[in-house]
Each structure stands twice: as structure tokens, then as C-alpha cells.
Amino acid sequence: MPPFVPKARYFLKQENGNVTVFSVFMLVLILTITGASVDIMRFEATRAKMQGTLDRAVLAAADLDQEQDPTHVVNDYMAKAGLSDVLSNVVVDSGLNYRTVTASGSVDLDTIFLHMSGFDTLTAPGLSVAEEKISNVEISVVLDISGSMGGSRIENMRAAAKEFVDTVIQADDSAGLTTVSLIPYNATVNLGSTVSNYWTLSNLHTYSNCATFPASAFTTTVINPSIEIERLGHFDRYSTSESSASISNPWCKTGNQGAMMVHSSDAAALNAHIDTLSAGGNTAIDLGMKWGVALLDPSSNPAVSELAADGVIDIESADRPAPYNDPEAIKFVVVMTDGENTTQYDLKSN
């Protein structure tokens, strides 16, 4: 037997030092796990800071009351947090009653311990989306149908008005309700034979249904349906006849020719009425605007509510116009015109 064999057998039987080897192995493992934990905590702290800043930024940018550019708002938030370099993209989608802001970014964090395991960097992604949408929209579309709008102008206006209606009234928009009031005007605004029954026009005559207002009425948005307003005289500016039967071209149109439509959510009906509009007469933008803002003023609600109850307009419009402080309602006036006011006429009082 070779002399080294007994010594080898003796060495193999010895157990001294086993704990030391195991302890060294466990120490390395603990240091690795601890180091990894440090890198992961640094990663999470960085990610949380970036995500929190993105969340605050898009919320501020999506606010419909925010007057600054939404993209600038997001960039400003990130810059003040020292995170300008991590922002990669800002997308803003906005419409008549909504704004959606999407912001994304990422940051690469160099590891301290995990690089020993083959992970040189950790990438922290961030994505935030915020939207504010007002469900109920009230719009007054004030349309110039005066004589200067003849020819291609009235055709272009009809096309633009119908495109606008089709844009704002969506058949699949079940989240809220959009109503459009049409207020065609020339030298007058014709309430029409139907709508005029829901406001209180004086009983001067019953041939036509236009109102006239004193100068003081233009300092308020209110046209109270229960308070009498003066009915415009029925006359032909270019005729000397005193007989109403011989007035072929009255200053205020009769029936529903060029008449108002109030808080309708029926795009087809609105477009059909727009197609009937023709140009003629002088221009009274002040009267068009007077009725446009009045149909958005809450004081008009009794008339609108009765129109809904009688089936003239959709029953869902019965609570229109909403109070000015209703957070779920937004109001717009859209004016389509080609010019300035011209002379307006009425009959002299006796």
C-alpha cells in the first residue's frame, strides 16, 4: 500500500472546517440578496417618483379649466421634479367637451450589486392617462340668413352647419346628451308658429312671431318665458299697403320659415331644417345672439320643459338649460355670419 493512502483516508474522514465553508457560502448568498434588495428598492423609489409625477401632470393637463397648453403643463411638471429626461411622449386628444392626456416615460437605473448577476441596468417604465369629460352639452348655433349670404355663401353655411351638427351629436354617445338650438336670423329672429307658444309675445297681432327688445334687454342673458315681450309689427318694408293680406314679403317671416329650433338632439331633424334656410333681408346679429344666449340661460327652462312635455323636443331635454354652476354641463354659442349689423325696422307706435 502506498504511504499516502492512509493519509488520504484520514483526510476524508475529518469534518473540521465544514461549517466554515457553509458559512462562507451563506455569507455570499446573503450579501447577494441584500445587494439585490438595495437595487430593487432604488428601482422602485425611482419608478414611484416618476409615476407619481406623471399622474399629477396628466391630471392637471386634462383639466378643462386648464388654460395652458396641456403638453407644456406635463413638461413643466416633469421639469420641476427633475425628471425632464425621462419623459418620452405626450399625446393630447381634445374635443368640444373632453380632453384626454397620455404621458409616458422610462428611466434606466445603473445597478450596484445586480450587475454581478448579469443585470447592468434596470428600466423603470411609466404611463399615465387622464381624461375629463362633461356629459351634457348645450349649443346655440346662430346662423346668418341675411341677403348678403345669398348664392354660394348660404350653401357653404348650410354645409358647415350640418357638418357641425353631425360632429357634436353622435348616435352612440350614451354617456351624456348634446342638444343644439338653431337660431337663424336676418333683420329679425322668427320664433315660429310652434316655439312662439312657449314664450309670451304681446298680442299686437298674430300674423308673425318675431320679438323686439329695448336697449336695456341686451345687458342680460335672460328672456323670461312668463314675462311679456313686445311682438314686432307685421309689415312689408317695401310696401305701402295697409292690408295684412297683401303683405307678400313681411319683415318677420310667417309660419316656420327660418324659425328657431330649441334644444334638439335629433341630428336628422336639425339638418333637414338647415336645408330649408334661404337668404334675404337685413342683418341683426344682436338679435341672433340675444336668443342664442337666452336659450342657454336657466331662465328658459320652463319653456323648454313644456316643449319636452308636449313632445315637441326629446323628453331628455326637459331639464335644459342647466344651471350655470352644474359641473356636468357645458354651454357654447357658435355664430356663422359674413358681416356686420345693418338697419333694423319696426312700425311706429300710435
# chains A, B, ... in the order shown; residues from 1 in each chain; ligands from 1

$ residues_around --residues "Leu143 (chain A)" --least-positions-apart "5" --cutoff "10 Å" --atoms "only C-alpha atoms" --output "number ranges by chain"
A: 154, 157-158, 161, 182-186, 258, 274, 277, 285, 288-289, 292, 334-338

$ residues_around --residues "region 188-195 of chain A" --least-positions-apart "4" --cutoff "6 Å" --atoms "only C-alpha atoms" --output "PyMOL selection string"
chain A and resi 209-210+255-256+259-260

$ write_last_selection --atoms "C-alpha atoms" --output "PDB file, in the first residue's frame"
ATOM      1  CA  ASN A 209     -93.812  85.757 -34.378  1.00  0.00           C
ATOM      2  CA  CYS A 210     -90.764  87.965 -34.023  1.00  0.00           C
ATOM      3  CA  GLY A 255     -95.081  80.295 -40.062  1.00  0.00           C
ATOM      4  CA  ASN A 256     -91.886  78.332 -39.537  1.00  0.00           C
ATOM      5  CA  ALA A 259     -87.728  79.653 -37.498  1.00  0.00           C
ATOM      6  CA  MET A 260     -85.785  78.672 -34.388  1.00  0.00           C
TER       7      MET A 260
END

$ closest_atom_pairs --of "region 253-298 of chain A" --to "region 134-137 of chain A" --cutoff "12 Å" --atoms "only C-alpha atoms" --output "Markdown table"
| residue | atom | partner | partner_atom | distance |
| --- | --- | --- | --- | --- |
| A:His263 | CA | A:Val137 | CA | 10.2 |
| A:Ser264 | CA | A:Val137 | CA | 11.4 |
| A:Ser265 | CA | A:Val137 | CA | 10.3 |
| A:Leu296 | CA | A:Val137 | CA | 10.3 |

$ residues_around --residues "Trp251 (chain A)" --least-positions-apart "5" --cutoff "9 Å" --atoms "only C-alpha atoms" --output "list in words"
Ala187, Thr188, Leu232, Gly233, His234, Phe235, Asp236, Arg237, Gly281, Tyr345 and Asp346 of chain A

$ write_last_selection --atoms "N, CA, C and O atoms" --output "PDB file, in the first residue's frame"
ATOM      1  N   ALA A 187     -82.843  90.362 -40.301  1.00  0.00           N
ATOM      2  CA  ALA A 187     -83.126  91.556 -39.505  1.00  0.00           C
ATOM      3  C   ALA A 187     -83.964  91.205 -38.289  1.00  0.00           C
ATOM      4  O   ALA A 187     -84.176  92.037 -37.404  1.00  0.00           O
ATOM      5  N   THR A 188     -84.472  89.963 -38.252  1.00  0.00           N
ATOM      6  CA  THR A 188     -85.328  89.511 -37.154  1.00  0.00           C
ATOM      7  C   THR A 188     -84.973  88.067 -36.818  1.00  0.00           C
ATOM      8  O   THR A 188     -84.209  87.422 -37.532  1.00  0.00           O
ATOM      9  N   LEU A 232     -92.868  92.109 -32.739  1.00  0.00           N
ATOM     10  CA  LEU A 232     -92.525  93.004 -33.840  1.00  0.00           C
ATOM     11  C   LEU A 232     -93.737  93.180 -34.749  1.00  0.00           C
ATOM     12  O   LEU A 232     -94.482  92.229 -35.005  1.00  0.00           O
ATOM     13  N   GLY A 233     -93.932  94.404 -35.242  1.00  0.00           N
ATOM     14  CA  GLY A 233     -95.044  94.675 -36.138  1.00  0.00           C
ATOM     15  C   GLY A 233     -94.976  93.839 -37.409  1.00  0.00           C
ATOM     16  O   GLY A 233     -93.892  93.432 -37.844  1.00  0.00           O
ATOM     17  N   HIS A 234     -96.127  93.583 -37.994  1.00  0.00           N
ATOM     18  CA  HIS A 234     -96.200  92.793 -39.231  1.00  0.00           C
ATOM     19  C   HIS A 234     -96.322  93.766 -40.390  1.00  0.00           C
ATOM     20  O   HIS A 234     -97.364  94.420 -40.586  1.00  0.00           O
ATOM     21  N   PHE A 235     -95.276  93.890 -41.196  1.00  0.00           N
ATOM     22  CA  PHE A 235     -95.266  94.886 -42.276  1.00  0.00           C
ATOM     23  C   PHE A 235     -94.290  94.454 -43.347  1.00  0.00           C
ATOM     24  O   PHE A 235     -93.441  93.570 -43.145  1.00  0.00           O
ATOM     25  N   ASP A 236     -94.437  95.106 -44.502  1.00  0.00           N
ATOM     26  CA  ASP A 236     -93.504  94.931 -45.608  1.00  0.00           C
ATOM     27  C   ASP A 236     -92.760  96.249 -45.770  1.00  0.00           C
ATOM     28  O   ASP A 236     -93.358  97.278 -46.057  1.00  0.00           O
ATOM     29  N   ARG A 237     -91.485  96.194 -45.539  1.00  0.00           N
ATOM     30  CA  ARG A 237     -90.656  97.399 -45.580  1.00  0.00           C
ATOM     31  C   ARG A 237     -90.773  98.128 -46.917  1.00  0.00           C
ATOM     32  O   ARG A 237     -90.650  99.350 -46.994  1.00  0.00           O
ATOM     33  N   GLY A 281     -83.037  89.756 -46.643  1.00  0.00           N
ATOM     34  CA  GLY A 281     -83.260  90.709 -45.563  1.00  0.00           C
ATOM     35  C   GLY A 281     -81.982  91.312 -45.013  1.00  0.00           C
ATOM     36  O   GLY A 281     -80.872  91.010 -45.458  1.00  0.00           O
ATOM     37  N   TYR A 345     -85.830  97.611 -38.563  1.00  0.00           N
ATOM     38  CA  TYR A 345     -87.032  98.427 -38.655  1.00  0.00           C
ATOM     39  C   TYR A 345     -88.146  97.836 -37.799  1.00  0.00           C
ATOM     40  O   TYR A 345     -88.184  96.640 -37.517  1.00  0.00           O
ATOM     41  N   ASP A 346     -89.070  98.716 -37.393  1.00  0.00           N
ATOM     42  CA  ASP A 346     -90.314  98.326 -36.752  1.00  0.00           C
ATOM     43  C   ASP A 346     -91.354  99.391 -37.085  1.00  0.00           C
ATOM     44  O   ASP A 346     -91.006 100.472 -37.581  1.00  0.00           O
TER      45      ASP A 346
END

$ residues_around --residues "Lys133 (chain A)" --least-positions-apart "6" --cutoff "8 Å" --atoms "only C-alpha atoms" --output "list in words"
Asn97, Tyr98 and Arg99 of chain A

$ write_last_selection --atoms "C-alpha atoms" --output "short mmCIF file (atom, residue, chain, number, x, y, z; two decimals), in the first residue's frame"
data_model
loop_
_atom_site.label_atom_id
_atom_site.label_comp_id
_atom_site.auth_asym_id
_atom_site.auth_seq_id
_atom_site.Cartn_x
_atom_site.Cartn_y
_atom_site.Cartn_z
CA ASN A 97 -66.50 68.62 -24.13
CA TYR A 98 -63.50 66.42 -23.30
CA ARG A 99 -59.72 66.32 -23.02
#

$ residues_around --residues "region 318-330 of chain A" --least-positions-apart "2" --cutoff "8 Å" --atoms "only C-alpha atoms" --output "number ranges by chain"
A: 97, 134-138, 263, 295-301, 304-309, 314-316, 332

$ select_by_dssp --residues "region 63-191 of chain A" --states "strand (DSSP E)" --output "ChimeraX atom specification"
/A:87-94,98-110,121-133,136-144,178-185

$ write_last_selection --atoms "N, CA and C atoms" --output "short mmCIF file (atom, residue, chain, number, x, y, z; two decimals), in the first residue's frame"
data_model
loop_
_atom_site.label_atom_id
_atom_site.label_comp_id
_atom_site.auth_asym_id
_atom_site.auth_seq_id
_atom_site.Cartn_x
_atom_site.Cartn_y
_atom_site.Cartn_z
N LEU A 87 -39.16 61.77 -19.66
CA LEU A 87 -40.41 61.89 -20.41
C LEU A 87 -40.16 61.60 -21.88
N SER A 88 -40.90 60.65 -22.43
CA SER A 88 -40.68 60.26 -23.82
C SER A 88 -41.78 60.72 -24.76
N ASN A 89 -43.03 60.83 -24.27
CA ASN A 89 -44.11 61.14 -25.19
C ASN A 89 -45.31 61.72 -24.44
N VAL A 90 -45.94 62.73 -25.05
CA VAL A 90 -47.17 63.30 -24.52
C VAL A 90 -48.17 63.40 -25.67
N VAL A 91 -49.34 62.81 -25.50
CA VAL A 91 -50.38 62.82 -26.53
C VAL A 91 -51.63 63.47 -25.95
N VAL A 92 -52.16 64.47 -26.66
CA VAL A 92 -53.36 65.18 -26.21
C VAL A 92 -54.46 64.97 -27.23
N ASP A 93 -55.61 64.51 -26.77
CA ASP A 93 -56.79 64.35 -27.62
C ASP A 93 -57.90 65.16 -26.97
N SER A 94 -58.40 66.16 -27.68
CA SER A 94 -59.41 67.03 -27.08
C SER A 94 -60.53 67.29 -28.06
N TYR A 98 -64.39 67.36 -23.97
CA TYR A 98 -63.50 66.42 -23.30
C TYR A 98 -62.05 66.75 -23.61
N ARG A 99 -61.16 66.24 -22.76
CA ARG A 99 -59.72 66.32 -23.02
C ARG A 99 -59.08 65.09 -22.41
N THR A 100 -58.30 64.37 -23.21
CA THR A 100 -57.56 63.20 -22.75
C THR A 100 -56.08 63.46 -22.95
N VAL A 101 -55.30 63.25 -21.89
CA VAL A 101 -53.85 63.46 -21.95
C VAL A 101 -53.17 62.15 -21.56
N THR A 102 -52.28 61.69 -22.42
CA THR A 102 -51.50 60.48 -22.17
C THR A 102 -50.02 60.84 -22.15
N ALA A 103 -49.32 60.43 -21.11
CA ALA A 103 -47.89 60.71 -21.00
C ALA A 103 -47.16 59.42 -20.64
N SER A 104 -46.01 59.21 -21.26
CA SER A 104 -45.22 58.02 -20.98
C SER A 104 -43.75 58.39 -20.85
N GLY A 105 -43.01 57.54 -20.17
CA GLY A 105 -41.58 57.77 -19.99
C GLY A 105 -40.91 56.54 -19.43
N SER A 106 -39.60 56.58 -19.34
CA SER A 106 -38.85 55.48 -18.74
C SER A 106 -37.49 55.99 -18.30
N VAL A 107 -36.91 55.32 -17.31
CA VAL A 107 -35.59 55.70 -16.82
C VAL A 107 -34.77 54.43 -16.62
N ASP A 108 -33.51 54.47 -17.05
CA ASP A 108 -32.58 53.34 -16.87
C ASP A 108 -31.74 53.59 -15.62
N LEU A 109 -31.79 52.65 -14.69
CA LEU A 109 -31.08 52.77 -13.42
C LEU A 109 -29.89 51.81 -13.41
N ASP A 110 -28.69 52.36 -13.28
CA ASP A 110 -27.49 51.52 -13.19
C ASP A 110 -27.49 50.77 -11.85
N THR A 121 -28.38 47.18 -15.81
CA THR A 121 -29.36 48.26 -15.63
C THR A 121 -30.74 47.68 -15.39
N LEU A 122 -31.57 48.48 -14.73
CA LEU A 122 -32.99 48.17 -14.57
C LEU A 122 -33.78 49.32 -15.20
N THR A 123 -34.76 49.00 -16.03
CA THR A 123 -35.56 50.03 -16.71
C THR A 123 -36.90 50.18 -16.00
N ALA A 124 -37.18 51.41 -15.55
CA ALA A 124 -38.44 51.71 -14.86
C ALA A 124 -39.38 52.41 -15.85
N PRO A 125 -40.47 51.77 -16.28
CA PRO A 125 -41.41 52.40 -17.21
C PRO A 125 -42.48 53.18 -16.46
N GLY A 126 -43.08 54.15 -17.15
CA GLY A 126 -44.18 54.91 -16.57
C GLY A 126 -45.20 55.28 -17.63
N LEU A 127 -46.48 55.16 -17.31
CA LEU A 127 -47.56 55.52 -18.23
C LEU A 127 -48.73 56.05 -17.44
N SER A 128 -49.24 57.22 -17.83
CA SER A 128 -50.39 57.82 -17.16
C SER A 128 -51.37 58.35 -18.20
N VAL A 129 -52.65 58.15 -17.93
CA VAL A 129 -53.72 58.65 -18.80
C VAL A 129 -54.77 59.33 -17.92
N ALA A 130 -55.16 60.53 -18.29
CA ALA A 130 -56.21 61.24 -17.55
C ALA A 130 -57.19 61.84 -18.55
N GLU A 131 -58.46 61.80 -18.22
CA GLU A 131 -59.49 62.36 -19.09
C GLU A 131 -60.51 63.10 -18.26
N GLU A 132 -60.89 64.27 -18.74
CA GLU A 132 -62.05 64.96 -18.16
C GLU A 132 -63.08 65.14 -19.27
N LYS A 133 -64.30 64.75 -18.98
CA LYS A 133 -65.36 64.84 -19.97
C LYS A 133 -66.62 65.34 -19.30
N ASN A 136 -73.03 66.59 -20.47
CA ASN A 136 -74.16 67.29 -21.07
C ASN A 136 -73.71 68.59 -21.73
N VAL A 137 -74.00 68.70 -23.01
CA VAL A 137 -73.54 69.83 -23.81
C VAL A 137 -74.75 70.56 -24.39
N GLU A 138 -74.76 71.87 -24.21
CA GLU A 138 -75.82 72.72 -24.77
C GLU A 138 -75.17 73.70 -25.75
N ILE A 139 -75.68 73.73 -26.98
CA ILE A 139 -75.08 74.58 -28.01
C ILE A 139 -76.17 75.40 -28.69
N SER A 140 -75.90 76.68 -28.83
CA SER A 140 -76.74 77.53 -29.66
C SER A 140 -75.97 77.86 -30.93
N VAL A 141 -76.55 77.52 -32.08
CA VAL A 141 -75.91 77.81 -33.37
C VAL A 141 -76.68 78.96 -34.01
N VAL A 142 -76.04 80.11 -34.08
CA VAL A 142 -76.67 81.34 -34.57
C VAL A 142 -76.26 81.53 -36.03
N LEU A 143 -77.23 81.46 -36.93
CA LEU A 143 -76.96 81.39 -38.37
C LEU A 143 -77.46 82.64 -39.10
N ASP A 144 -76.57 83.26 -39.82
CA ASP A 144 -76.89 84.46 -40.60
C ASP A 144 -77.58 84.03 -41.89
N THR A 178 -76.23 65.79 -25.90
CA THR A 178 -75.90 67.05 -26.57
C THR A 178 -77.14 67.57 -27.26
N THR A 179 -77.48 68.82 -26.99
CA THR A 179 -78.62 69.44 -27.66
C THR A 179 -78.14 70.68 -28.42
N VAL A 180 -78.76 70.90 -29.56
CA VAL A 180 -78.42 72.04 -30.41
C VAL A 180 -79.68 72.87 -30.62
N SER A 181 -79.55 74.17 -30.40
CA SER A 181 -80.62 75.12 -30.74
C SER A 181 -80.18 75.88 -31.98
N LEU A 182 -81.03 75.92 -32.99
CA LEU A 182 -80.75 76.69 -34.20
C LEU A 182 -81.45 78.04 -34.10
N ILE A 183 -80.70 79.10 -34.31
CA ILE A 183 -81.27 80.45 -34.29
C ILE A 183 -80.91 81.16 -35.60
N PRO A 184 -81.68 80.92 -36.68
CA PRO A 184 -81.44 81.68 -37.91
C PRO A 184 -81.89 83.13 -37.70
N TYR A 185 -81.17 84.05 -38.31
CA TYR A 185 -81.54 85.46 -38.16
C TYR A 185 -81.22 86.21 -39.44
#

$ atom_distance --atom1 "CA of Ser208 (chain A)" --atom2 "CA of Lys290 (chain A)"
18.8 Å

$ select_by_dssp --residues "region 93-165 of chain A" --states "alpha helix (DSSP H)" --output "MDAnalysis selection string"
chainID A and resid 152:165

$ residues_around --residues "region 70-73 of chain A" --least-positions-apart "6" --cutoff "7 Å" --atoms "only C-alpha atoms" --output "list in words"
Ala57, Ala61, Ala62 and Val90 of chain A

$ write_last_selection --atoms "N, CA, C and O atoms" --output "PDB file, in the first residue's frame"
ATOM      1  N   ALA A  57     -49.163  65.260 -13.348  1.00  0.00           N
ATOM      2  CA  ALA A  57     -49.028  66.107 -14.535  1.00  0.00           C
ATOM      3  C   ALA A  57     -50.211  65.942 -15.487  1.00  0.00           C
ATOM      4  O   ALA A  57     -50.776  66.934 -15.966  1.00  0.00           O
ATOM      5  N   ALA A  61     -53.093  68.607 -16.638  1.00  0.00           N
ATOM      6  CA  ALA A  61     -53.181  68.956 -18.058  1.00  0.00           C
ATOM      7  C   ALA A  61     -54.551  68.648 -18.647  1.00  0.00           C
ATOM      8  O   ALA A  61     -55.016  69.333 -19.557  1.00  0.00           O
ATOM      9  N   ALA A  62     -55.213  67.596 -18.144  1.00  0.00           N
ATOM     10  CA  ALA A  62     -56.514  67.192 -18.687  1.00  0.00           C
ATOM     11  C   ALA A  62     -57.668  68.030 -18.162  1.00  0.00           C
ATOM     12  O   ALA A  62     -58.780  67.939 -18.681  1.00  0.00           O
ATOM     13  N   VAL A  90     -45.940  62.726 -25.049  1.00  0.00           N
ATOM     14  CA  VAL A  90     -47.168  63.304 -24.519  1.00  0.00           C
ATOM     15  C   VAL A  90     -48.166  63.398 -25.668  1.00  0.00           C
ATOM     16  O   VAL A  90     -47.865  63.979 -26.714  1.00  0.00           O
TER      17      VAL A  90
END

$ closest_residue --among "A:Leu59, A:Met78, A:Val168, A:Ala217" --to "Trp291 (chain A)" --atoms "only C-alpha atoms"
A:Ala217

$ closest_residue --among "A:Ala294, A:Ala267, A:Leu64, A:Thr206" --to "Thr220 (chain A)" --atoms "only C-alpha atoms"
A:Ala294

$ decode --residues "region 284-311 of chain A" --atoms "N, CA, C and O atoms" --output "PDB file, in the first residue's frame"
ATOM      1  N   ALA A 284     -79.165  91.410 -38.258  1.00  0.00           N
ATOM      2  CA  ALA A 284     -79.280  91.787 -36.846  1.00  0.00           C
ATOM      3  C   ALA A 284     -78.590  90.719 -35.989  1.00  0.00           C
ATOM      4  O   ALA A 284     -79.249  89.866 -35.395  1.00  0.00           O
ATOM      5  N   ILE A 285     -77.262  90.792 -35.973  1.00  0.00           N
ATOM      6  CA  ILE A 285     -76.512  89.800 -35.198  1.00  0.00           C
ATOM      7  C   ILE A 285     -76.874  89.909 -33.717  1.00  0.00           C
ATOM      8  O   ILE A 285     -76.890  88.911 -32.998  1.00  0.00           O
ATOM      9  N   ASP A 286     -77.189  91.118 -33.275  1.00  0.00           N
ATOM     10  CA  ASP A 286     -77.533  91.313 -31.863  1.00  0.00           C
ATOM     11  C   ASP A 286     -78.773  90.509 -31.472  1.00  0.00           C
ATOM     12  O   ASP A 286     -78.820  89.902 -30.397  1.00  0.00           O
ATOM     13  N   LEU A 287     -79.772  90.461 -32.358  1.00  0.00           N
ATOM     14  CA  LEU A 287     -80.973  89.680 -32.059  1.00  0.00           C
ATOM     15  C   LEU A 287     -80.680  88.181 -32.084  1.00  0.00           C
ATOM     16  O   LEU A 287     -81.189  87.423 -31.259  1.00  0.00           O
ATOM     17  N   GLY A 288     -79.864  87.755 -33.048  1.00  0.00           N
ATOM     18  CA  GLY A 288     -79.486  86.344 -33.094  1.00  0.00           C
ATOM     19  C   GLY A 288     -78.760  85.928 -31.830  1.00  0.00           C
ATOM     20  O   GLY A 288     -79.064  84.883 -31.226  1.00  0.00           O
ATOM     21  N   MET A 289     -77.814  86.746 -31.392  1.00  0.00           N
ATOM     22  CA  MET A 289     -77.073  86.444 -30.178  1.00  0.00           C
ATOM     23  C   MET A 289     -77.967  86.543 -28.940  1.00  0.00           C
ATOM     24  O   MET A 289     -77.812  85.763 -27.989  1.00  0.00           O
ATOM     25  N   LYS A 290     -78.899  87.482 -28.944  1.00  0.00           N
ATOM     26  CA  LYS A 290     -79.807  87.621 -27.805  1.00  0.00           C
ATOM     27  C   LYS A 290     -80.560  86.313 -27.571  1.00  0.00           C
ATOM     28  O   LYS A 290     -80.636  85.821 -26.430  1.00  0.00           O
ATOM     29  N   TRP A 291     -81.110  85.735 -28.625  1.00  0.00           N
ATOM     30  CA  TRP A 291     -81.831  84.471 -28.476  1.00  0.00           C
ATOM     31  C   TRP A 291     -80.870  83.299 -28.264  1.00  0.00           C
ATOM     32  O   TRP A 291     -81.185  82.352 -27.533  1.00  0.00           O
ATOM     33  N   GLY A 292     -79.682  83.374 -28.863  1.00  0.00           N
ATOM     34  CA  GLY A 292     -78.710  82.299 -28.680  1.00  0.00           C
ATOM     35  C   GLY A 292     -78.312  82.122 -27.226  1.00  0.00           C
ATOM     36  O   GLY A 292     -78.300  80.994 -26.709  1.00  0.00           O
ATOM     37  N   VAL A 293     -77.995  83.229 -26.550  1.00  0.00           N
ATOM     38  CA  VAL A 293     -77.592  83.124 -25.143  1.00  0.00           C
ATOM     39  C   VAL A 293     -78.806  82.878 -24.243  1.00  0.00           C
ATOM     40  O   VAL A 293     -78.703  82.201 -23.216  1.00  0.00           O
ATOM     41  N   ALA A 294     -79.979  83.402 -24.649  1.00  0.00           N
ATOM     42  CA  ALA A 294     -81.180  83.193 -23.824  1.00  0.00           C
ATOM     43  C   ALA A 294     -81.552  81.718 -23.761  1.00  0.00           C
ATOM     44  O   ALA A 294     -82.024  81.230 -22.721  1.00  0.00           O
ATOM     45  N   LEU A 295     -81.330  80.986 -24.851  1.00  0.00           N
ATOM     46  CA  LEU A 295     -81.671  79.562 -24.866  1.00  0.00           C
ATOM     47  C   LEU A 295     -80.666  78.728 -24.073  1.00  0.00           C
ATOM     48  O   LEU A 295     -80.886  77.529 -23.873  1.00  0.00           O
ATOM     49  N   LEU A 296     -79.589  79.341 -23.614  1.00  0.00           N
ATOM     50  CA  LEU A 296     -78.640  78.678 -22.719  1.00  0.00           C
ATOM     51  C   LEU A 296     -78.814  79.138 -21.274  1.00  0.00           C
ATOM     52  O   LEU A 296     -78.215  78.556 -20.369  1.00  0.00           O
ATOM     53  N   ASP A 297     -79.613  80.160 -21.071  1.00  0.00           N
ATOM     54  CA  ASP A 297     -79.833  80.693 -19.728  1.00  0.00           C
ATOM     55  C   ASP A 297     -80.875  79.850 -18.998  1.00  0.00           C
ATOM     56  O   ASP A 297     -81.923  79.504 -19.579  1.00  0.00           O
ATOM     57  N   PRO A 298     -80.617  79.505 -17.733  1.00  0.00           N
ATOM     58  CA  PRO A 298     -81.568  78.656 -16.992  1.00  0.00           C
ATOM     59  C   PRO A 298     -82.979  79.225 -16.906  1.00  0.00           C
ATOM     60  O   PRO A 298     -83.925  78.467 -16.685  1.00  0.00           O
ATOM     61  N   SER A 299     -83.131  80.535 -17.108  1.00  0.00           N
ATOM     62  CA  SER A 299     -84.470  81.123 -17.051  1.00  0.00           C
ATOM     63  C   SER A 299     -85.380  80.601 -18.156  1.00  0.00           C
ATOM     64  O   SER A 299     -86.610  80.721 -18.064  1.00  0.00           O
ATOM     65  N   SER A 300     -84.812  80.010 -19.207  1.00  0.00           N
ATOM     66  CA  SER A 300     -85.614  79.463 -20.304  1.00  0.00           C
ATOM     67  C   SER A 300     -86.148  78.065 -20.008  1.00  0.00           C
ATOM     68  O   SER A 300     -86.908  77.515 -20.808  1.00  0.00           O
ATOM     69  N   ASN A 301     -85.768  77.493 -18.870  1.00  0.00           N
ATOM     70  CA  ASN A 301     -86.155  76.119 -18.582  1.00  0.00           C
ATOM     71  C   ASN A 301     -87.669  75.873 -18.584  1.00  0.00           C
ATOM     72  O   ASN A 301     -88.109  74.831 -19.091  1.00  0.00           O
ATOM     73  N   PRO A 302     -88.497  76.771 -18.026  1.00  0.00           N
ATOM     74  CA  PRO A 302     -89.950  76.492 -18.062  1.00  0.00           C
ATOM     75  C   PRO A 302     -90.475  76.262 -19.482  1.00  0.00           C
ATOM     76  O   PRO A 302     -91.280  75.350 -19.703  1.00  0.00           O
ATOM     77  N   ALA A 303     -90.003  77.053 -20.448  1.00  0.00           N
ATOM     78  CA  ALA A 303     -90.459  76.888 -21.826  1.00  0.00           C
ATOM     79  C   ALA A 303     -89.931  75.594 -22.415  1.00  0.00           C
ATOM     80  O   ALA A 303     -90.667  74.836 -23.069  1.00  0.00           O
ATOM     81  N   VAL A 304     -88.656  75.293 -22.191  1.00  0.00           N
ATOM     82  CA  VAL A 304     -88.051  74.074 -22.728  1.00  0.00           C
ATOM     83  C   VAL A 304     -88.703  72.843 -22.102  1.00  0.00           C
ATOM     84  O   VAL A 304     -88.967  71.844 -22.779  1.00  0.00           O
ATOM     85  N   SER A 305     -88.963  72.920 -20.810  1.00  0.00           N
ATOM     86  CA  SER A 305     -89.611  71.809 -20.119  1.00  0.00           C
ATOM     87  C   SER A 305     -90.999  71.531 -20.699  1.00  0.00           C
ATOM     88  O   SER A 305     -91.380  70.368 -20.897  1.00  0.00           O
ATOM     89  N   GLU A 306     -91.746  72.582 -21.006  1.00  0.00           N
ATOM     90  CA  GLU A 306     -93.078  72.404 -21.601  1.00  0.00           C
ATOM     91  C   GLU A 306     -92.969  71.859 -23.024  1.00  0.00           C
ATOM     92  O   GLU A 306     -93.788  71.026 -23.440  1.00  0.00           O
ATOM     93  N   LEU A 307     -91.980  72.316 -23.775  1.00  0.00           N
ATOM     94  CA  LEU A 307     -91.770  71.787 -25.122  1.00  0.00           C
ATOM     95  C   LEU A 307     -91.509  70.288 -25.069  1.00  0.00           C
ATOM     96  O   LEU A 307     -92.007  69.523 -25.905  1.00  0.00           O
ATOM     97  N   ALA A 308     -90.725  69.858 -24.067  1.00  0.00           N
ATOM     98  CA  ALA A 308     -90.445  68.428 -23.910  1.00  0.00           C
ATOM     99  C   ALA A 308     -91.691  67.666 -23.483  1.00  0.00           C
ATOM    100  O   ALA A 308     -91.977  66.575 -23.983  1.00  0.00           O
ATOM    101  N   ALA A 309     -92.439  68.237 -22.547  1.00  0.00           N
ATOM    102  CA  ALA A 309     -93.648  67.579 -22.063  1.00  0.00           C
ATOM    103  C   ALA A 309     -94.681  67.416 -23.179  1.00  0.00           C
ATOM    104  O   ALA A 309     -95.434  66.427 -23.203  1.00  0.00           O
ATOM    105  N   ASP A 310     -94.723  68.366 -24.107  1.00  0.00           N
ATOM    106  CA  ASP A 310     -95.681  68.308 -25.218  1.00  0.00           C
ATOM    107  C   ASP A 310     -95.166  67.487 -26.395  1.00  0.00           C
ATOM    108  O   ASP A 310     -95.842  67.389 -27.425  1.00  0.00           O
ATOM    109  N   GLY A 311     -93.944  66.924 -26.263  1.00  0.00           N
ATOM    110  CA  GLY A 311     -93.408  66.083 -27.309  1.00  0.00           C
ATOM    111  C   GLY A 311     -92.795  66.825 -28.475  1.00  0.00           C
ATOM    112  O   GLY A 311     -92.467  66.216 -29.496  1.00  0.00           O
TER     113      GLY A 311
END
